Each structure stands twice: as structure tokens, then as C-alpha cells.
file upload-v8.cif (mmCIF, C-alpha atoms)
data_protein
loop_
_atom_site.label_atom_id
_atom_site.label_comp_id
_atom_site.auth_asym_id
_atom_site.auth_seq_id
_atom_site.Cartn_x
_atom_site.Cartn_y
_atom_site.Cartn_z
CA MET P 274 0.00 0.00 0.00
CA SER P 275 1.34 3.44 -0.79
CA GLU P 276 2.48 5.73 2.01
CA GLU P 277 0.24 8.54 0.85
CA VAL P 278 -2.96 6.46 0.96
CA LYS P 279 -3.57 4.22 3.95
CA ILE P 280 -6.49 1.87 4.51
CA ILE P 281 -7.11 1.17 8.15
CA ASP P 282 -8.96 -1.99 9.16
CA LYS P 283 -11.70 -1.38 11.68
CA GLY P 284 -13.54 -4.65 11.92
CA LYS P 285 -13.23 -8.25 10.85
CA VAL P 286 -12.42 -8.39 7.15
CA PRO P 287 -13.45 -11.61 5.40
CA SER P 288 -11.14 -13.33 2.94
CA ASP P 289 -12.29 -14.75 -0.40
CA ALA P 290 -14.96 -12.07 -0.58
CA THR P 291 -16.26 -10.31 -3.68
CA MET P 292 -15.18 -6.68 -3.53
CA LEU P 293 -17.56 -4.11 -4.96
CA PHE P 294 -16.88 -0.46 -5.78
CA GLY P 295 -19.45 2.34 -5.80
CA PHE P 296 -17.79 5.61 -6.67
CA PRO P 297 -19.31 8.90 -7.86
CA ASP P 298 -19.60 8.84 -11.63
CA VAL P 299 -22.23 9.48 -14.29
CA GLY P 300 -25.77 9.28 -12.90
CA LEU P 301 -24.24 8.42 -9.51
CA VAL P 302 -25.17 4.85 -10.39
CA GLY P 303 -22.37 3.30 -8.33
CA VAL P 304 -22.96 5.38 -5.21
CA ILE P 305 -26.74 4.88 -5.27
CA ALA P 306 -26.35 1.13 -5.82
CA ALA P 307 -23.70 0.89 -3.07
CA SER P 308 -25.81 2.82 -0.54
CA HIS P 309 -28.73 0.53 -1.24
CA ILE P 310 -26.62 -2.62 -0.79
CA ILE P 311 -25.29 -1.29 2.52
CA SER P 312 -28.75 -0.58 3.89
CA GLU P 313 -30.46 -3.70 2.53
CA LEU P 314 -27.74 -6.15 3.58
CA ASN P 315 -26.95 -4.23 6.74
CA LEU P 316 -23.23 -4.12 5.97
CA ALA P 317 -20.90 -2.85 8.68
CA GLU P 318 -17.90 -0.57 8.23
CA VAL P 319 -14.79 -2.76 8.19
CA ALA P 320 -12.13 -0.29 7.01
CA TYR P 321 -11.63 3.32 6.00
CA MET P 322 -9.23 5.37 3.94
CA ASP P 323 -6.84 7.82 5.51
CA SER P 324 -5.02 10.07 3.06
CA LYS P 325 -3.83 13.62 2.81
CA LEU P 326 -4.61 13.41 -0.90
CA LEU P 327 -8.33 13.43 -0.14
CA PRO P 328 -10.08 16.79 0.14
CA PRO P 329 -9.93 18.18 3.70
CA LEU P 330 -13.35 16.93 4.72
CA ILE P 331 -14.97 14.41 6.99
CA VAL P 332 -18.46 13.03 6.90
CA LEU P 333 -20.41 13.36 10.12
CA HIS P 334 -22.80 10.57 11.02
CA GLU P 335 -24.60 10.92 14.34
CA GLY P 336 -22.06 13.52 15.42
CA LEU P 337 -19.02 11.37 14.78
CA PRO P 338 -16.39 11.85 12.06
CA HIS P 339 -15.90 9.37 9.25
CA SER P 340 -13.63 9.20 6.24
CA PRO P 341 -15.48 9.95 3.00
CA VAL P 342 -14.03 6.73 1.54
CA ARG P 343 -14.98 3.64 3.52
CA ILE P 344 -15.22 -0.10 3.07
CA PHE P 345 -18.26 -1.97 4.31
CA GLY P 346 -18.70 -5.71 4.48
CA ASN P 347 -20.18 -8.93 5.79
CA HIS P 348 -18.94 -12.52 5.57
CA ASN P 349 -18.69 -12.60 1.76
CA ILE P 350 -18.91 -9.02 0.47
CA LEU P 351 -16.61 -6.02 0.69
CA LEU P 352 -17.91 -2.76 -0.67
CA ALA P 353 -15.80 0.37 -1.14
CA VAL P 354 -17.83 3.54 -1.40
CA SER P 355 -17.09 7.24 -1.52
CA GLU P 356 -19.43 9.88 -0.14
CA THR P 357 -17.62 12.66 -1.95
CA ALA P 358 -16.60 13.24 -5.55
CA ILE P 359 -13.04 11.98 -5.97
CA PRO P 360 -10.80 14.66 -7.47
CA ALA P 361 -9.65 13.59 -10.92
CA ASP P 362 -5.95 13.91 -10.09
CA ILE P 363 -6.01 11.45 -7.19
CA ILE P 364 -8.02 8.63 -8.74
CA TYR P 365 -4.89 6.57 -9.53
CA PRO P 366 -3.44 6.44 -5.99
CA ILE P 367 -6.89 5.96 -4.44
CA MET P 368 -7.86 3.06 -6.69
CA ASN P 369 -4.42 1.45 -6.56
CA ALA P 370 -4.49 1.53 -2.75
CA LEU P 371 -7.98 -0.02 -2.62
CA ILE P 372 -7.02 -2.77 -5.06
CA SER P 373 -3.80 -3.57 -3.19
CA TRP P 374 -5.77 -3.71 0.06
CA GLY P 375 -8.37 -6.01 -1.55
CA LYS P 376 -5.64 -8.24 -2.91
CA SER P 377 -4.08 -8.49 0.55
CA LYS P 378 -7.47 -9.77 1.78
CA ASN P 379 -7.53 -12.41 -0.99
CA VAL P 380 -10.68 -11.11 -2.65
CA LYS P 381 -11.85 -13.49 -5.33
CA MET P 382 -13.21 -10.85 -7.67
CA MET P 383 -13.59 -7.09 -7.93
CA ILE P 384 -16.71 -5.54 -9.44
CA SER P 385 -17.19 -1.88 -10.12
CA LEU P 386 -20.78 -0.62 -10.31
CA SER P 387 -21.18 2.31 -12.63
CA GLY P 388 -23.07 3.95 -15.45
CA ILE P 389 -22.80 4.75 -19.12
CA PRO P 390 -24.65 7.86 -20.29
CA ILE P 391 -27.23 7.64 -23.00
CA GLN P 392 -28.91 10.48 -24.89
CA ASP P 393 -32.65 11.01 -24.43
CA ARG P 394 -32.51 8.75 -21.38
CA GLN P 395 -35.99 9.87 -20.28
CA ASP P 396 -37.46 8.23 -23.39
CA ILE P 397 -35.89 4.85 -22.71
CA GLN P 398 -38.04 2.24 -20.99
CA GLU P 399 -35.65 -0.67 -20.70
CA LEU P 400 -32.16 0.21 -19.61
CA LYS P 401 -29.33 -2.04 -20.71
CA VAL P 402 -26.36 -3.00 -18.59
CA PHE P 403 -22.99 -3.50 -20.27
CA ALA P 404 -19.88 -5.17 -18.93
CA ALA P 405 -16.14 -5.10 -19.41
CA ALA P 406 -13.67 -7.41 -17.71
CA SER P 407 -10.01 -7.63 -16.76
CA ASN P 408 -9.40 -11.01 -18.42
CA LEU P 409 -10.84 -13.44 -20.95
CA GLU P 410 -12.11 -15.89 -18.34
CA THR P 411 -14.23 -13.24 -16.62
CA LEU P 412 -15.41 -11.87 -19.95
CA LYS P 413 -16.54 -15.38 -20.99
CA MET P 414 -18.40 -15.84 -17.72
CA VAL P 415 -20.25 -12.56 -18.21
CA LYS P 416 -21.11 -13.38 -21.82
CA GLU P 417 -22.53 -16.71 -20.73
CA LYS P 418 -24.80 -14.82 -18.34
CA GLY P 419 -26.16 -12.97 -21.37
CA ILE P 420 -24.75 -9.56 -20.50
CA GLU P 421 -23.72 -7.39 -23.41
CA ILE P 422 -20.01 -6.62 -23.60
CA LEU P 423 -18.64 -3.15 -24.11
CA ASN P 424 -16.46 -4.23 -27.00
CA GLU P 425 -14.69 -1.11 -28.22
CA GLY P 426 -14.34 2.39 -26.87
CA TYR P 427 -12.86 4.41 -24.08
CA MET P 428 -13.59 4.16 -20.38
CA VAL P 429 -12.77 7.06 -18.07
CA GLY P 430 -12.81 7.18 -14.28
CA PRO P 431 -12.26 4.94 -11.25
CA GLN P 432 -13.70 1.85 -12.95
CA ALA P 433 -11.22 2.25 -15.82
CA ILE P 434 -8.27 2.35 -13.43
CA MET P 435 -9.65 -0.62 -11.54
CA LEU P 436 -9.97 -2.80 -14.65
CA GLN P 437 -6.51 -1.94 -15.92
CA HIS P 438 -4.80 -2.37 -12.57
CA CYS P 439 -6.54 -5.70 -11.95
CA ALA P 440 -5.57 -6.85 -15.45
CA ASN P 441 -1.95 -5.93 -14.67
CA ILE P 442 -1.83 -7.91 -11.44
CA GLY P 443 -3.91 -10.84 -12.72
CA LEU P 444 -6.99 -10.28 -10.56
CA LYS P 445 -10.48 -11.09 -11.82
CA ALA P 446 -12.39 -7.86 -12.22
CA LEU P 447 -15.53 -6.66 -13.85
CA THR P 448 -17.23 -3.36 -14.49
CA LEU P 449 -20.99 -3.20 -14.81
CA LEU P 450 -22.26 -0.11 -16.57
CA GLY P 451 -25.96 0.71 -16.57
CA GLN P 452 -27.37 3.08 -19.16
CA CYS P 453 -28.14 6.30 -17.32
CA PHE P 454 -28.44 10.07 -17.30
CA LEU P 455 -25.09 11.81 -17.69
CA ASN P 456 -25.55 14.36 -14.95
CA TYR P 457 -28.72 13.54 -13.07
CA PRO P 458 -28.84 10.94 -10.29
CA ASP P 459 -30.38 7.80 -11.75
CA PRO P 460 -31.84 5.33 -9.21
CA GLU P 461 -33.50 3.28 -11.99
CA ALA P 462 -30.13 2.66 -13.62
CA ALA P 463 -28.70 1.68 -10.22
CA ALA P 464 -31.55 -0.83 -9.83
CA GLU P 465 -30.75 -2.39 -13.21
CA VAL P 466 -27.08 -2.73 -12.30
CA LEU P 467 -28.04 -4.40 -9.01
CA LYS P 468 -30.24 -6.89 -10.87
CA GLU P 469 -27.31 -7.88 -13.08
CA LEU P 470 -25.01 -8.04 -10.08
CA ALA P 471 -27.41 -10.57 -8.53
CA HIS P 472 -27.48 -12.48 -11.81
CA ILE P 473 -23.68 -12.73 -11.94
CA THR P 474 -22.70 -13.16 -8.31
CA GLY P 475 -25.81 -14.23 -6.43
CA ILE P 476 -25.57 -11.09 -4.27
CA LYS P 477 -29.30 -10.44 -4.20
CA VAL P 478 -30.77 -7.13 -3.11
CA ASP P 479 -34.43 -6.18 -3.31
CA VAL P 480 -34.58 -3.07 -5.52
CA SER P 481 -38.24 -2.22 -4.93
CA LYS P 482 -37.42 0.20 -2.08
CA LEU P 483 -34.74 1.83 -4.19
CA LEU P 484 -37.27 2.50 -6.93
CA GLU P 485 -39.87 3.72 -4.43
CA LYS P 486 -37.37 6.19 -2.98
CA GLY P 487 -36.27 7.37 -6.43
CA GLU P 488 -37.49 10.96 -6.09
CA GLU P 489 -36.05 11.33 -2.61
CA ILE P 490 -32.67 10.07 -3.83
CA ARG P 491 -32.71 12.45 -6.80
CA LEU P 492 -33.35 15.38 -4.50
CA LYS P 493 -30.76 14.36 -1.91
CA ALA P 494 -28.07 13.55 -4.44
CA ARG P 495 -28.10 16.91 -6.25
CA ASP P 496 -25.06 18.36 -4.52
CA ILE P 497 -22.80 15.33 -4.88
CA MET P 498 -23.95 15.02 -8.50
CA LYS P 499 -22.96 18.63 -9.16
CA ARG P 500 -19.51 18.17 -7.66
CA THR P 501 -19.06 14.87 -9.47
CA GLN P 502 -19.93 16.60 -12.72
CA GLN P 503 -17.11 19.12 -12.12
CA GLU P 504 -14.61 16.30 -11.60
CA LEU P 505 -15.92 14.38 -14.62
CA THR P 506 -15.24 17.45 -16.75
CA LYS P 507 -11.68 17.62 -15.42
CA MET P 508 -11.03 13.96 -16.24
CA LYS P 509 -12.48 14.47 -19.75
CA LYS P 510 -15.30 11.99 -19.25
CA THR P 511 -16.79 12.89 -22.63
CA GLN P 512 -13.90 10.98 -24.17
CA GLU P 513 -16.15 7.95 -23.65
CA TYR P 514 -18.20 9.26 -26.58
CA ASP P 515 -15.13 9.26 -28.86
CA ILE P 516 -14.79 6.76 -31.66
CA PRO P 517 -11.57 4.86 -31.01
CA LEU P 518 -8.84 4.41 -33.55
CA TYR P 519 -8.27 0.71 -33.22
CA VAL P 520 -4.59 -0.19 -33.15
CA SER P 521 -4.05 -3.94 -33.34
CA MET M 963 -22.40 37.31 -54.83
CA SER M 964 -22.79 37.29 -51.08
CA THR M 965 -26.09 38.47 -49.61
CA ARG M 966 -24.92 38.64 -46.00
CA LYS M 967 -27.24 40.84 -43.94
CA ARG M 968 -25.41 43.68 -42.26
CA ARG M 969 -25.90 44.00 -38.54
CA SER M 970 -26.15 47.40 -36.97
CA ILE M 971 -23.40 48.63 -34.67
CA PHE M 972 -25.93 48.58 -31.81
CA ASP M 973 -26.50 44.84 -32.30
CA VAL M 974 -22.76 44.23 -32.26
CA VAL M 975 -22.29 46.32 -29.10
CA ASN M 976 -25.28 44.62 -27.44
CA GLU M 977 -23.90 41.20 -28.23
CA TYR M 978 -20.51 42.22 -26.88
CA PHE M 979 -22.04 43.32 -23.57
CA GLU M 980 -24.17 40.19 -23.42
CA SER M 981 -21.11 38.00 -23.86
CA LEU M 982 -19.33 40.00 -21.15
CA GLU M 983 -22.28 39.48 -18.81
CA GLU M 984 -22.26 35.79 -19.59
CA MET M 985 -18.54 35.53 -18.85
CA ALA M 986 -19.04 37.44 -15.60
CA GLU M 987 -21.82 35.03 -14.63
CA VAL M 988 -19.65 31.98 -15.34
CA LEU M 989 -16.77 33.52 -13.37
CA GLU M 990 -19.04 34.41 -10.49
CA LYS M 991 -20.31 30.82 -10.31
CA LYS M 992 -16.74 29.54 -10.31
CA LEU M 993 -15.49 31.96 -7.68
CA THR M 994 -18.41 32.09 -5.31
CA GLU M 995 -19.77 28.78 -4.15
CA ARG M 996 -23.21 28.96 -2.65
CA PRO M 997 -25.68 26.46 -1.29
CA SER M 998 -28.10 24.80 -3.67
CA TRP M 999 -31.01 25.96 -1.51
CA ASN M 1000 -32.38 29.23 -0.21
CA HIS M 1001 -34.31 29.07 3.05
CA LYS M 1002 -35.59 32.67 2.69
CA THR M 1003 -37.36 31.91 -0.56
CA CYS M 1004 -38.03 28.29 0.49
CA THR M 1005 -36.54 27.07 -2.78
CA ILE M 1006 -34.17 24.33 -3.85
CA GLU M 1007 -32.06 24.73 -6.97
CA PRO M 1008 -32.54 21.77 -9.31
CA LEU M 1009 -29.83 20.23 -11.48
CA ARG M 1010 -29.92 21.41 -15.06
CA ASN M 1011 -28.11 20.97 -18.30
CA ILE M 1012 -27.87 22.87 -21.58
CA MET M 1013 -27.14 21.26 -24.91
CA ILE M 1014 -26.55 23.33 -28.03
CA THR M 1015 -27.22 21.66 -31.37
CA PRO M 1016 -26.97 23.32 -34.81
CA MET M 1017 -30.73 23.91 -34.90
CA GLU M 1018 -31.82 24.27 -31.29
CA VAL M 1019 -30.88 24.63 -27.65
CA ILE M 1020 -32.16 21.92 -25.34
CA VAL M 1021 -32.38 22.72 -21.64
CA THR M 1022 -33.20 19.87 -19.28
CA VAL M 1023 -33.97 20.20 -15.59
CA ASP M 1024 -34.32 17.39 -13.04
CA LEU M 1025 -37.52 18.10 -11.09
CA PRO M 1026 -38.24 15.41 -8.51
CA TYR M 1027 -41.45 15.58 -6.42
CA THR M 1028 -43.14 17.60 -9.15
CA ASN M 1029 -46.14 17.18 -11.42
CA GLU M 1030 -46.35 18.60 -14.91
CA ASN M 1031 -49.11 21.08 -14.01
CA ALA M 1032 -46.98 22.53 -11.19
CA ILE M 1033 -44.19 23.69 -13.51
CA GLN M 1034 -43.81 27.24 -14.80
CA VAL M 1035 -41.32 28.27 -17.46
CA LYS M 1036 -40.92 31.97 -18.26
CA SER M 1037 -38.54 33.87 -20.49
CA LEU M 1038 -37.16 36.79 -18.46
CA ASP M 1039 -35.48 38.38 -21.47
CA LYS M 1040 -34.24 37.20 -24.82
CA SER M 1041 -31.54 35.01 -23.31
CA THR M 1042 -32.74 33.99 -19.85
CA ILE M 1043 -35.40 31.53 -18.78
CA GLU M 1044 -36.82 31.02 -15.32
CA ILE M 1045 -38.07 27.67 -14.16
CA SER M 1046 -40.10 27.09 -11.03
CA ALA M 1047 -42.02 24.07 -9.87
CA ASN M 1048 -44.04 23.49 -6.75
CA MET M 1049 -43.21 20.22 -5.07
CA ARG M 1050 -45.92 17.76 -4.10
CA GLN M 1051 -44.74 17.85 -0.52
CA LYS M 1052 -42.76 20.17 1.69
CA ILE M 1053 -39.19 19.06 2.28
CA ARG M 1054 -37.51 19.91 5.57
CA PHE M 1055 -33.84 19.75 6.49
CA ASP M 1056 -34.89 17.09 8.98
CA ASP M 1057 -35.88 14.90 6.04
CA PHE M 1058 -32.21 14.83 5.04
CA GLY M 1059 -31.15 14.08 8.61
CA ILE M 1060 -29.82 17.65 9.00
CA THR M 1061 -30.65 19.27 12.34
CA HIS M 1062 -28.26 22.24 12.41
CA TYR M 1063 -30.24 24.15 9.78
CA LYS M 1064 -33.91 24.96 9.98
CA GLY M 1065 -36.26 25.53 7.12
CA GLU M 1066 -38.60 23.91 4.70
CA PHE M 1067 -38.79 23.96 0.95
CA GLN M 1068 -41.79 23.82 -1.28
CA LYS M 1069 -40.44 24.86 -4.63
CA LEU M 1070 -37.69 24.02 -7.08
CA TYR M 1071 -36.40 27.17 -8.71
CA CYS M 1072 -33.64 28.20 -11.08
CA HIS M 1073 -32.95 30.57 -13.90
CA THR M 1074 -30.57 29.91 -16.69
CA ARG M 1075 -28.93 31.92 -19.39
CA ILE M 1076 -29.05 30.58 -22.92
CA PRO M 1077 -25.61 31.08 -24.44
CA VAL M 1078 -26.67 31.55 -28.09
CA PRO M 1079 -29.51 33.58 -29.65
CA VAL M 1080 -32.81 31.66 -29.61
CA ASP M 1081 -36.42 32.25 -30.50
CA MET M 1082 -38.16 32.35 -27.12
CA ASP M 1083 -41.61 32.52 -28.73
CA LYS M 1084 -41.15 29.08 -30.24
CA MET M 1085 -40.25 27.41 -26.96
CA GLU M 1086 -41.45 23.79 -26.68
CA ILE M 1087 -41.81 22.09 -23.33
CA ARG M 1088 -42.34 18.52 -22.23
CA PHE M 1089 -42.04 16.70 -18.92
CA LYS M 1090 -41.18 13.03 -18.74
CA LYS M 1091 -39.88 10.83 -15.94
CA GLY M 1092 -39.33 13.88 -13.76
CA ILE M 1093 -37.18 15.61 -16.37
CA LEU M 1094 -38.34 18.90 -17.84
CA GLU M 1095 -37.16 19.41 -21.39
CA ILE M 1096 -37.25 22.86 -23.00
CA ARG M 1097 -36.46 23.14 -26.69
CA LEU M 1098 -35.62 26.55 -28.15
CA PRO M 1099 -34.99 26.96 -31.87
CA ARG M 1100 -31.77 28.85 -32.56
CA ARG M 1101 -31.97 32.29 -34.11
CA HIS M 1102 -29.18 32.80 -36.59
CA GLY M 1103 -28.15 36.41 -37.09
CA TYR M 1104 -27.23 36.15 -40.70
CA ALA M 1105 -27.06 33.61 -43.47
CA ILE M 1106 -24.35 33.22 -46.06
CA PRO M 1107 -26.02 31.74 -49.10
CA LYS M 1108 -24.18 29.51 -51.54
CA GLU M 1109 -22.86 31.29 -54.68
#
call {"tool": "encode", "arguments": {"input": "upload-v8.cif", "output": "C-alpha cells"}}
result
Amino acid sequence: MSEEVKIIDKGKVPSDATMLFGFPDVGLVGVIAASHIISELNLAEVAYMDSKLLPPLIVLHEGLPHSPVRIFGNHNILLAVSETAIPADIIYPIMNALISWGKSKNVKMMISLSGIPIQDRQDIQELKVFAAASNLETLKMVKEKGIEILNEGYMVGPQAIMLQHCANIGLKALTLLGQCFLNYPDPEAAAEVLKELAHITGIKVDVSKLLEKGEEIRLKARDIMKRTQQELTKMKKTQEYDIPLYVS
Amino acid sequence: MSTRKRRSIFDVVNEYFESLEEMAEVLEKKLTERPSWNHKTCTIEPLRNIMITPMEVIVTVDLPYTNENAIQVKSLDKSTIEISANMRQKIRFDDFGITHYKGEFQKLYCHTRIPVPVDMDKMEIRFKKGILEIRLPRRHGYAIPKE
């Protein structure tokens, strides 16, 4: 683990768990999905991030300070979530530290929950979920589950760093991307991603409450969405719309 | 032969001042952070987005807790629109778990500047899945016809 980013264990951390990531990105799909998993499965905080690279802020819950980047878990799940937009210039050290920590806990697979923006989202009834993986074996497994693969293109943000880093160190990793609004919180997209997560891993979460609370989430998530949008601009998120020049 | 319409000096000066105002507004937003709510006016500022296409400007606004008949869209001048929407229920800080601020909100409100000339009279509005969509046809100052 790097000196500048430390992850401090707080509770019992399971080994051989599936590690999930829910970081602020388009439509806040990952954060919304992660928050719902935490509340539905009653996950406890097992570790937190301590780093001077993070913005100088804490999150207060019931009067007590918490790191904005924390890891929750139970006997077979670890879930890393951020309650603040991660500045574009520190995504590498943050993600690398989380992956190294996960590897030290022998996680069997890493899965990033995220979104992929689609134009005229409000007109779309059935949202698709796409996947990309760190190796052929994981890609094959996802294809067999009937999930569409994101074949060509660019990926920008924490999930991109996670896939590449896991590919480099030979760790099974997957990114699930639900079609969503670019810059509005999208609980419906989060629900679709959670359904596919259940399909792939067996981690089942009832999404009916998430859909019921959709308007409340959209109202509450405005500020974090706005700040995330600013960071997405800095990391040139719109590059995901670019047509790649394929170099074989 | 070109048939480009000449613009008057007043139009050019007006446009110059408008662009200055726009730049000042952008700068002000960057330099002065403010909350996304106003407890004096009991309003919450919704998220919004502007997309400029060759033919029109599309403004979208995320309006949770709102019904279509509770939304009002007004043009304040030729480049600014005001959007307000009464919410179905009052929202209190307590609802967000916040106890150190007091206040309740019953309206979503924002105004937004349209960065290119548009025809406000031809504004089209629709509301779907909680997203307000305002379409404004672009007004082009002059046309350069083909020879």
C-alpha cells in the first residue's frame, strides 16, 4: 500500500470475498447502488481510507467523524464507497491503494458498479447493462450470463483504473455499466445494475425500495452530482463518446 | 455574390455586452460557491443541463417531487429563462437528517442563461420521468447563401 494512501482496518475483514466499488460517476449509479446494498444487507464498516490526498473533509454521522471513503462488508462481500466526488488527479493512488488492500485480503473478484450515459434517457423504458472485464475468463463468464459486452471504446474514471490495474496484477475484475443520465442521479439505472449483479454473483438485493425512494434520492443527491460533474469534466469523461482508432 | 445581412453597430455592441455578462456570470459561479437551496425563498435549486445543437438549444432540468401542471417556465429576457415548480410535498432539512439548519422547501427554482440567440416565442416544453425538457430553436443572425 502506498504511504500517501492508507487503509485502516476497523472490523473483521473476510477473505475470499467479492469486492464491490461504488464511486461517484455518471448518474451516480455506483454510489446509489452501493448505498442501497449497505442498507439492505446491513453491511458494517470494516475499514476506512486515511489520506492527505483526499479533500480536507470528513463526513459526520450521528455527530461522529468518518472518512469519506470507507469499506463496508459482511462474511462474503466487501464494498468500497465514496461519499464525496473523488478529485480527478487522485483517482490513480486511491484506486491502486484499494485494489492492493483487496488483494491483501484475498478477494476473489472485484466488481465496479457504474453507469454509461445515453442520450434522451428519459425516453428509454428498458435500460441495458454492459460489462467489461479484466481477463478473458471473466469476460466469458459474463457473456454466458447474457450480458452485453462493451467491445470497443474508451472508459474514463475509477472503474477504468480498476480494470486496468486488476488486469496488470492478474486479478479477476468486472465493471458493470448501466445506461443512465449523464448528470442527473439515476436510481432506476442503479436498480438495473443491481439486478445484473445478482445475476452474476448471487448477491441479491431487493430493488423495490430503491425505486420507491427514487425521487427522494434524486433530491438528496443533487449536490454530490454537481460536484461529481465538475470532476468528470476535469477527467475528460466525454472521451467515452469518442470513436476509437483501433490499433491492433 | 454574397447576400450577407449587415448588422447594426448597436447589435454588435449589445452582443458584446451580453457575452461579457455571460462571462461574468460563469466567473461568479466559479469563484463564489453557494448552497443549492435558499431558506428565505423556500426554494431548492434543481440540477440542469444545456445542450446546443446546430438547430436548437435543449435545456433539461431534473424536477423530482413535481407534477407537470406545477411547472412554470418563463422567459425573463431574450436570453434567460426562469423555471419554477411546486413540489408535491414540503421538504424539511430534517428529512435529510440535518438538524443544524432549519427551514422547509416547497419549490424548485432556477434561472438559466441561454448562451446563443434563440427564438423564445417558439419554446417547446415537455415533462417526462421527472425531467423537464425545454427546446428553443436557434436564431441565426445572418445567413451566407451559396454562390
call {"tool": "interface_residues", "arguments": {"input": "upload-v8.cif", "of": "chain M", "to": "chain P", "cutoff": "7 Å", "atoms": "all atoms listed in the file", "output": "MDAnalysis selection string"}}
result
chainID M and resid 1009 1024 1026:1027 1090:1091
call {"tool": "write_last_selection", "arguments": {"input": "upload-v8.cif", "atoms": "C-alpha atoms", "output": "JSON list (two decimals), in the coordinates of the input"}}
result
[["chain", "number", "residue", "atom", "x", "y", "z"],
["M", 1009, "LEU", "CA", -29.83, 20.23, -11.48],
["M", 1024, "ASP", "CA", -34.32, 17.39, -13.04],
["M", 1026, "PRO", "CA", -38.24, 15.41, -8.51],
["M", 1027, "TYR", "CA", -41.45, 15.58, -6.42],
["M", 1090, "LYS", "CA", -41.18, 13.03, -18.74],
["M", 1091, "LYS", "CA", -39.88, 10.83, -15.94]]
call {"tool": "resolve_selection", "arguments": {"input": "upload-v8.cif", "expression": "the PyMOL selection byres ((chain P and resi 377) around 12)", "output": "list in words"}}
result
Met274, Ile280, Asp282, Val286, Pro287, Ser288, Asp289, Ala290, Met292, Ala370, Leu371, Ile372, Ser373, Trp374, Gly375, Lys376, Lys378, Asn379, Val380, Lys381 and Leu444 of chain P
call {"tool": "atom_distance", "arguments": {"input": "upload-v8.cif", "atom1": "CA of Val342 (chain P)", "atom2": "CA of Arg996 (chain M)"}}
result
24.4 Å
call {"tool": "resolve_selection", "arguments": {"input": "upload-v8.cif", "expression": "the PyMOL selection byres ((chain P and resi 416-433) around 9)", "output": "MDAnalysis selection string"}}
result
chainID P and resid 294 296:298 359 361 364:365 367:368 384:387 401:406 411:415 434:438 447:448 450 469 472:473 505 508:519
call {"tool": "resolve_selection", "arguments": {"input": "upload-v8.cif", "expression": "the PyMOL selection byres ((chain P and resi 324) around 8)", "output": "PyMOL selection string"}}
result
chain P and resi 277-279+322-323+325-327
call {"tool": "residues_near_point", "arguments": {"input": "upload-v8.cif", "point": "(-34.7, 30.2, -18.4)", "cutoff": "12 Å", "atoms": "all atoms listed in the file", "output": "VMD selection string"}}
result
chain M and resid 1010 to 1012 1019 to 1023 1034 to 1046 1071 to 1077 1080 1082 1085 1087 1094 to 1098
call {"tool": "closest_residue", "arguments": {"input": "upload-v8.cif", "among": "M:Tyr1063, M:Tyr978, M:Phe972, M:Phe1089", "to": "Ala1032 (chain M)", "atoms": "only C-alpha atoms"}}
result
M:Phe1089
call {"tool": "atom_distance", "arguments": {"input": "upload-v8.cif", "atom1": "CA of Glu410 (chain P)", "atom2": "CA of Leu293 (chain P)"}}
result
18.6 Å
call {"tool": "atom_distance", "arguments": {"input": "upload-v8.cif", "atom1": "CA of Phe345 (chain P)", "atom2": "CA of Glu504 (chain P)"}}
result
24.5 Å
call {"tool": "axis_aligned_box", "arguments": {"input": "upload-v8.cif", "around": "region 333-348 of chain P", "padding_each_side": "4 Å", "output": "JSON"}}
result
{"center_x": -19.1, "center_y": 0.5, "center_z": 8.5, "size_x": 19.0, "size_y": 34.0, "size_z": 21.9}
call {"tool": "residues_near_point", "arguments": {"input": "upload-v8.cif", "point": "(-33.4, -0.3, -14.4)", "cutoff": "12 Å", "atoms": "all atoms listed in the file", "output": "number ranges by chain"}}
result
P: 302, 306, 388, 394, 397-402, 450-454, 459-469, 480-481, 483-484, 487
call {"tool": "closest_residue", "arguments": {"input": "upload-v8.cif", "among": "P:Asp393, P:Glu485, P:Asp479, P:Asp362", "to": "Glu313 (chain P)", "atoms": "only C-alpha atoms"}}
result
P:Asp479
